[in-house]
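Trainee: Got protein_32.cif for you, mmCIF, C-alpha atoms:
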```
data_coords
loop_
_atom_site.label_atom_id
_atom_site.label_comp_id
_atom_site.auth_asym_id
_atom_site.auth_seq_id
_atom_site.Cartn_x
_atom_site.Cartn_y
_atom_site.Cartn_z
CA MET A 1 -8.63 54.67 82.81
CA LYS A 2 -10.45 54.11 86.09
CA ASP A 3 -12.91 51.82 84.33
CA LYS A 4 -10.05 49.71 82.95
CA ILE A 5 -8.54 49.39 86.41
CA LYS A 6 -11.93 48.41 87.84
CA ASN A 7 -12.37 45.81 85.11
CA ILE A 8 -8.97 44.33 85.87
CA LEU A 9 -9.61 44.25 89.62
CA SER A 10 -13.05 42.72 89.09
CA ASN A 11 -11.51 39.88 87.08
CA LYS A 12 -10.64 37.43 89.86
CA THR A 13 -8.85 35.09 87.49
CA LEU A 14 -6.55 37.84 86.22
CA VAL A 15 -5.92 39.17 89.73
CA THR A 16 -5.09 35.66 90.94
CA PHE A 17 -2.68 35.14 88.06
CA ILE A 18 -0.92 38.48 88.67
CA ALA A 19 -0.75 37.87 92.43
CA GLY A 20 0.73 34.42 91.84
CA ALA A 21 3.32 35.81 89.43
CA LEU A 22 4.29 38.55 91.89
CA PHE A 23 4.59 36.01 94.70
CA VAL A 24 6.93 33.84 92.62
CA MET A 25 9.06 36.85 91.63
CA LEU A 26 9.34 38.08 95.23
CA PHE A 27 10.16 34.58 96.43
CA LEU A 28 12.94 34.25 93.84
CA ARG A 29 14.22 37.71 94.75
CA GLN A 30 14.44 36.71 98.41
CA CYS A 31 16.25 33.48 97.54
CA ASN A 32 18.74 35.43 95.44
CA GLN A 33 19.41 37.91 98.27
CA ILE A 34 19.98 35.07 100.74
CA SER A 35 22.37 33.39 98.30
CA ASN A 36 24.35 36.62 97.83
CA LEU A 37 24.46 37.20 101.59
CA LYS A 38 25.77 33.69 102.20
CA GLN A 39 28.48 34.24 99.61
CA ASP A 40 29.50 37.58 101.17
CA VAL A 41 29.68 36.01 104.64
CA LYS A 42 31.73 33.10 103.28
CA PHE A 43 34.32 35.34 101.61
CA ALA A 44 34.46 37.69 104.59
CA GLN A 45 35.26 34.72 106.83
CA GLU A 46 37.92 33.50 104.39
CA ASP A 47 39.54 36.97 104.33
CA ALA A 48 39.57 37.08 108.14
CA ASP A 49 41.08 33.59 108.37
CA ARG A 50 43.71 34.51 105.78
CA SER A 51 44.71 37.66 107.66
CA LEU A 52 45.00 35.74 110.93
CA ASN A 53 47.08 33.02 109.26
CA ASN A 54 49.47 35.58 107.73
CA TYR A 55 49.86 37.29 111.10
CA LYS A 56 50.79 33.98 112.73
CA ALA A 57 53.12 33.11 109.82
CA ALA A 58 54.92 36.45 110.23
CA GLN A 59 55.47 35.66 113.92
CA ASP A 60 56.63 32.10 113.23
CA SER A 61 60.26 31.02 112.97
CA VAL A 62 61.97 27.96 111.55
CA THR A 63 61.65 24.87 113.72
CA VAL A 64 64.49 22.38 113.19
CA LEU A 65 63.83 18.75 114.10
CA ARG A 66 65.24 15.34 113.21
CA ASN A 67 63.34 12.72 111.24
CA GLU A 68 63.44 8.97 111.82
CA ASN A 69 66.72 8.69 109.89
CA GLY A 70 68.33 11.39 111.99
CA ASP A 71 68.33 13.84 109.07
CA GLN A 72 67.70 17.53 109.57
CA LEU A 73 64.04 18.52 109.14
CA ALA A 74 62.95 22.16 109.17
CA GLU A 75 59.40 23.49 109.02
CA ILE A 76 57.60 26.83 109.11
CA ARG A 77 54.05 28.12 108.74
CA SER A 78 53.01 29.14 105.22
CA PHE A 79 51.70 32.52 104.12
CA GLU A 80 48.64 32.84 101.89
CA PHE A 81 48.32 35.84 99.57
CA ASP A 82 45.21 36.82 97.62
CA LEU A 83 46.40 37.96 94.18
CA SER A 84 43.20 39.94 93.61
CA LYS A 85 44.06 42.35 96.46
CA LEU A 86 47.75 42.23 97.33
CA GLU A 87 48.88 44.61 100.05
CA GLU A 88 51.95 46.78 99.41
CA SER A 89 54.18 44.69 101.68
CA GLN A 90 53.01 41.50 99.98
CA GLU A 91 53.59 43.03 96.54
CA ASN A 92 57.18 43.88 97.49
CA LEU A 93 57.75 40.38 98.86
CA THR A 94 56.62 38.68 95.66
CA LYS A 95 58.82 40.90 93.46
CA LYS A 96 61.99 38.99 94.33
CA TYR A 97 60.37 35.73 93.21
CA ARG A 98 59.09 37.19 89.95
CA LYS A 99 62.53 38.53 89.11
CA ALA A 100 64.57 35.48 90.18
CA LEU A 101 62.25 32.92 88.57
CA ALA A 102 61.22 35.00 85.53
CA LEU A 103 57.55 34.72 86.47
CA ASN A 104 54.76 36.63 84.79
CA LYS A 105 53.79 39.94 86.40
CA ASP A 106 50.36 38.79 87.58
CA LEU A 107 51.70 35.41 88.81
CA LYS A 108 49.09 33.59 86.75
CA GLN A 109 49.27 29.79 86.94
CA VAL A 110 51.63 30.09 89.94
CA ASN A 111 50.45 28.20 93.02
CA SER A 112 53.29 28.61 95.51
CA LEU A 113 56.50 30.57 96.05
CA ILE A 114 59.25 28.75 97.98
CA SER A 115 62.72 29.84 99.09
CA ALA A 116 65.42 28.53 101.42
CA GLU A 117 68.57 30.00 102.94
CA LEU A 118 71.25 27.37 103.55
CA GLU A 119 74.66 27.42 105.20
CA ILE A 120 77.37 24.76 104.94
CA LYS A 121 79.89 24.18 107.69
CA ASP A 122 82.39 21.51 106.69
CA SER A 123 85.77 20.08 107.61
CA LEU A 124 87.89 18.02 105.24
CA ASP A 125 90.21 15.06 105.64
CA VAL A 126 92.59 15.62 102.75
CA THR A 127 95.00 13.11 101.27
CA THR A 128 98.23 14.65 99.98
CA ASN A 129 101.11 13.45 97.85
CA THR A 130 104.11 15.20 96.37
CA ALA A 131 105.82 15.10 93.01
CA ALA A 132 109.21 16.71 92.35
CA ILE A 133 109.29 18.98 89.34
CA ASP A 134 112.99 19.78 89.61
CA SER A 135 115.65 19.96 92.31
CA VAL A 136 114.03 22.96 94.02
CA THR A 137 110.37 22.79 92.94
CA THR A 138 107.72 20.39 94.24
CA LYS A 139 104.04 19.94 93.41
CA ILE A 140 101.77 19.00 96.31
CA ASN A 141 98.50 17.31 95.28
CA PHE A 142 95.37 17.40 97.46
CA ASN A 143 92.45 14.95 97.21
CA SER A 144 89.31 14.33 99.25
CA ALA A 145 86.23 12.41 98.14
CA LYS A 146 83.21 11.59 100.25
CA ASP A 147 79.88 9.99 99.34
CA PHE A 148 77.31 10.64 102.06
CA GLY A 149 74.55 8.70 100.29
CA ASN A 150 71.06 9.75 99.16
CA GLY A 151 72.50 11.97 96.43
CA ASN A 152 74.88 13.87 98.71
CA SER A 153 78.59 13.95 97.94
CA ARG A 154 81.70 16.14 98.06
CA ILE A 155 84.86 15.92 95.95
CA LEU A 156 87.85 18.20 96.48
CA SER A 157 90.95 18.14 94.31
CA GLY A 158 93.81 20.57 93.83
CA PHE A 159 97.48 21.23 93.94
CA SER A 160 100.03 23.73 95.16
CA THR A 161 103.46 24.29 93.63
CA VAL A 162 106.22 25.12 96.12
CA LYS A 163 109.77 26.26 95.39
CA TYR A 164 112.70 26.23 97.81
CA ASP A 165 114.96 29.12 96.92
CA PHE A 166 117.67 30.87 98.92
CA GLY A 167 116.71 29.06 102.09
CA GLN A 168 112.99 29.94 101.85
CA PHE A 169 109.87 28.21 100.58
CA GLN A 170 107.81 30.09 98.02
CA VAL A 171 104.32 29.13 96.87
CA LEU A 172 104.25 29.62 93.12
CA ASN A 173 100.61 28.83 92.44
CA THR A 174 97.67 27.03 94.03
CA GLN A 175 94.48 25.68 92.51
CA PHE A 176 91.49 23.90 94.06
CA GLU A 177 88.32 22.43 92.58
CA LEU A 178 85.33 21.61 94.77
CA LYS A 179 82.32 19.65 93.54
CA GLN A 180 79.28 19.07 95.77
CA THR A 181 75.89 17.49 95.26
CA LEU A 182 73.14 18.36 97.74
CA SER A 183 69.82 16.57 98.00
CA LEU A 184 66.84 18.46 99.41
CA MET A 185 63.30 17.19 99.88
CA ALA A 186 60.35 19.51 100.41
CA ALA A 187 56.61 19.25 100.97
CA ILE A 188 53.71 21.49 101.92
CA GLU A 189 51.57 19.76 104.54
CA GLU A 190 48.31 20.84 106.13
CA GLY A 191 48.57 20.70 109.91
CA GLU A 192 45.97 19.69 112.46
CA ASP A 193 45.03 23.36 112.87
CA GLY A 194 44.25 23.61 109.14
CA ALA A 195 47.31 25.76 108.36
CA ASP A 196 49.81 24.76 105.69
CA ARG A 197 53.46 24.30 106.65
CA LEU A 198 56.54 24.01 104.48
CA LYS A 199 58.83 21.12 105.39
CA LEU A 200 62.40 20.84 104.12
CA SER A 201 64.82 18.00 104.85
CA THR A 202 68.40 17.09 103.97
CA SER A 203 70.86 14.40 105.01
CA TYR A 204 73.95 16.37 103.93
CA PRO A 205 76.21 16.67 107.01
CA GLY A 206 77.21 20.18 107.95
CA LEU A 207 74.37 21.80 106.02
CA VAL A 208 72.32 24.16 108.20
CA ILE A 209 68.86 25.32 107.15
CA LYS A 210 68.88 28.96 108.23
CA ASP A 211 65.53 30.10 106.87
CA ILE A 212 62.70 28.83 104.66
CA GLU A 213 59.59 30.51 103.28
CA ASN A 214 56.44 29.41 101.51
CA ILE A 215 53.72 31.65 100.07
CA ASN A 216 50.56 29.99 98.79
CA LEU A 217 48.77 32.04 96.14
CA VAL A 218 44.99 32.22 95.67
CA ASN A 219 42.71 34.47 93.65
CA THR A 220 39.33 34.94 95.30
CA ARG A 221 38.10 37.08 92.40
CA LEU A 222 37.97 33.97 90.23
CA ASN A 223 35.81 32.20 92.83
CA ARG A 224 33.23 34.96 93.21
CA GLN A 225 30.03 34.85 91.21
CA GLU A 226 29.82 37.43 88.47
CA GLN A 227 27.64 40.39 89.46
CA LYS A 228 24.28 40.06 87.71
CA LYS A 229 22.78 43.00 85.82
CA SER A 230 19.23 43.70 84.74
CA ARG A 231 18.90 43.73 80.96
CA TRP A 232 16.50 43.59 78.01
CA LEU A 233 16.43 40.45 75.92
CA ILE A 234 14.98 39.49 72.58
CA GLY A 235 14.29 35.82 72.38
CA PHE A 236 12.28 32.80 71.45
CA GLY A 237 10.72 30.83 74.27
CA VAL A 238 9.35 27.33 74.57
CA GLY A 239 8.12 25.98 77.88
CA TYR A 240 5.44 24.35 79.98
CA GLY A 241 3.69 26.03 82.88
CA VAL A 242 0.78 28.17 84.04
CA ASN A 243 -0.79 30.32 81.30
CA LEU A 244 -3.50 32.99 81.10
CA ASN A 245 -5.33 32.71 77.76
CA ASN A 246 -7.39 35.30 75.89
CA ASN A 247 -10.56 34.14 77.64
CA GLN A 248 -8.98 35.08 81.00
CA VAL A 249 -8.80 31.43 81.99
CA ILE A 250 -5.78 30.08 83.88
CA SER A 251 -4.60 26.74 82.58
CA THR A 252 -1.49 24.61 82.46
CA GLY A 253 0.17 23.51 79.27
CA PRO A 254 2.91 24.21 76.76
CA SER A 255 3.72 27.75 75.66
CA LEU A 256 5.46 29.18 72.63
CA GLY A 257 6.43 32.79 72.14
CA VAL A 258 8.72 35.36 70.57
CA GLY A 259 9.17 38.76 72.14
CA LEU A 260 11.09 41.42 74.00
CA TYR A 261 11.79 40.50 77.62
CA TRP A 262 13.13 42.35 80.63
CA SER A 263 15.22 40.19 82.96
CA PRO A 264 15.72 41.64 86.47
CA LYS A 265 18.97 40.58 88.10
CA PHE A 266 17.25 38.93 91.07
CA LEU A 267 15.55 36.45 88.72
CA GLN A 268 18.81 35.38 87.08
CA PHE A 269 20.50 32.15 88.12
#
```
Could the structure of this file be written out as structure tokens, please?
Mentor:
Amino acid sequence: MKDKIKNILSNKTLVTFIAGALFVMLFLRQCNQISNLKQDVKFAQEDADRSLNNYKAAQDSVTVLRNENGDQLAEIRSFEFDLSKLEESQENLTKKYRKALALNKDLKQVNSLISAELEIKDSLDVTTNTAAIDSVTTKINFNSAKDFGNGNSRILSGFSTVKYDFGQFQVLNTQFELKQTLSLMAAIEEGEDGADRLKLSTSYPGLVIKDIENINLVNTRLNRQEQKKSRWLIGFGVGYGVNLNNNQVISTGPSLGVGLYWSPKFLQF
């Protein structure tokens, strides 16, 4: 055994070939470690930025402005949730969206969750007319129609039947019908600080935007490289490179082989 080792060590060509192969393998291993480290640092920074953004979003409140047309414009900072590691509070928050919108449990193919709480304060100018039903009964008709433009309108119609009996007025029945159309415009815009903000606008008079919410959804697990594993392979190889022939001579040229190979994870790309 010692003689074989001595023979190998005395063969400078073979030693040079082995040393070169080891150098290449160690170099590739180092490159792979650096690549993995860069990826870990990148995702750690993204997680930290996401946590900071969500903290600021939780502290934010709706800002109500007016656009160039004088219409109400509300905006608020957006949350960003990582679906691959939802916290308990985030899981509870997304439940209401899944239930209301009939979304799949894992929120696959869902990019954003948006909600708004609106309040309408309105006053009506109503036109009335009366129609006698008989000598003691009268029907009072109510009508109000308003077109505010840009897809916003309100139509109110109804009636009330009044009877005068034994010196007193009695309301027999009353019926109203209200029809409204509301136009809302929304966008998610990236601000100068890099954070997304939900913007919601309406020109409907009397409509108050009480609260809005936007949750952007990402899945960092899909963006991470799959963990490599060392494994044995059986394969057929064709290539061109540095070869060591039977005469212990190093040469360059094509190579052809079939065999059993071991592939360490640090040499996989």
Trainee: Using all atoms listed in the file, determine which residues lie at most 7 Å from stretch 158-164 of chain A, disregarding the query and same-chain residues fewer than 6 positions distant; provide the list as a PyMOL selection string.
Mentor: chain A and resi 136-143+170-177
Trainee: Ranking A:Ser183, A:Gln168, A:Ser89, A:Asn214 by minimum distance to A:Asp196 and counting all atoms listed in the file, which one comes first?
Mentor: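 So, comparing all the options, the nearest one is A:Asn214.
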Trainee: Within 6 Å of A:Arg154, counting all atoms listed in the file, which residues qualify if same-chain residues fewer than 3 places away don't, as a list in words?
Mentor: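 With the cut-off at 6 Å, the set is Ala145, Lys146, Lys179 and Gln180 of chain A.
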Trainee: For a quick check of understanding, using all atoms listed in the file, which of A:Asp165, A:Glu75, A:Glu87, A:Asp47 has the smallest distance to A:Glu189?
Mentor: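 Closest residue, counting all atoms listed in the file: A:Glu75.
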Trainee: Fewer than 2 positions away in the same chain doesn't count, so skip those; otherwise give me all residues within 12 Å of A:Ala74, counting all atoms listed in the file, as a PyMOL selection string.
Mentor: chain A and resi 61-67+71-72+76-77+116-118+184-188+197-203+207-213
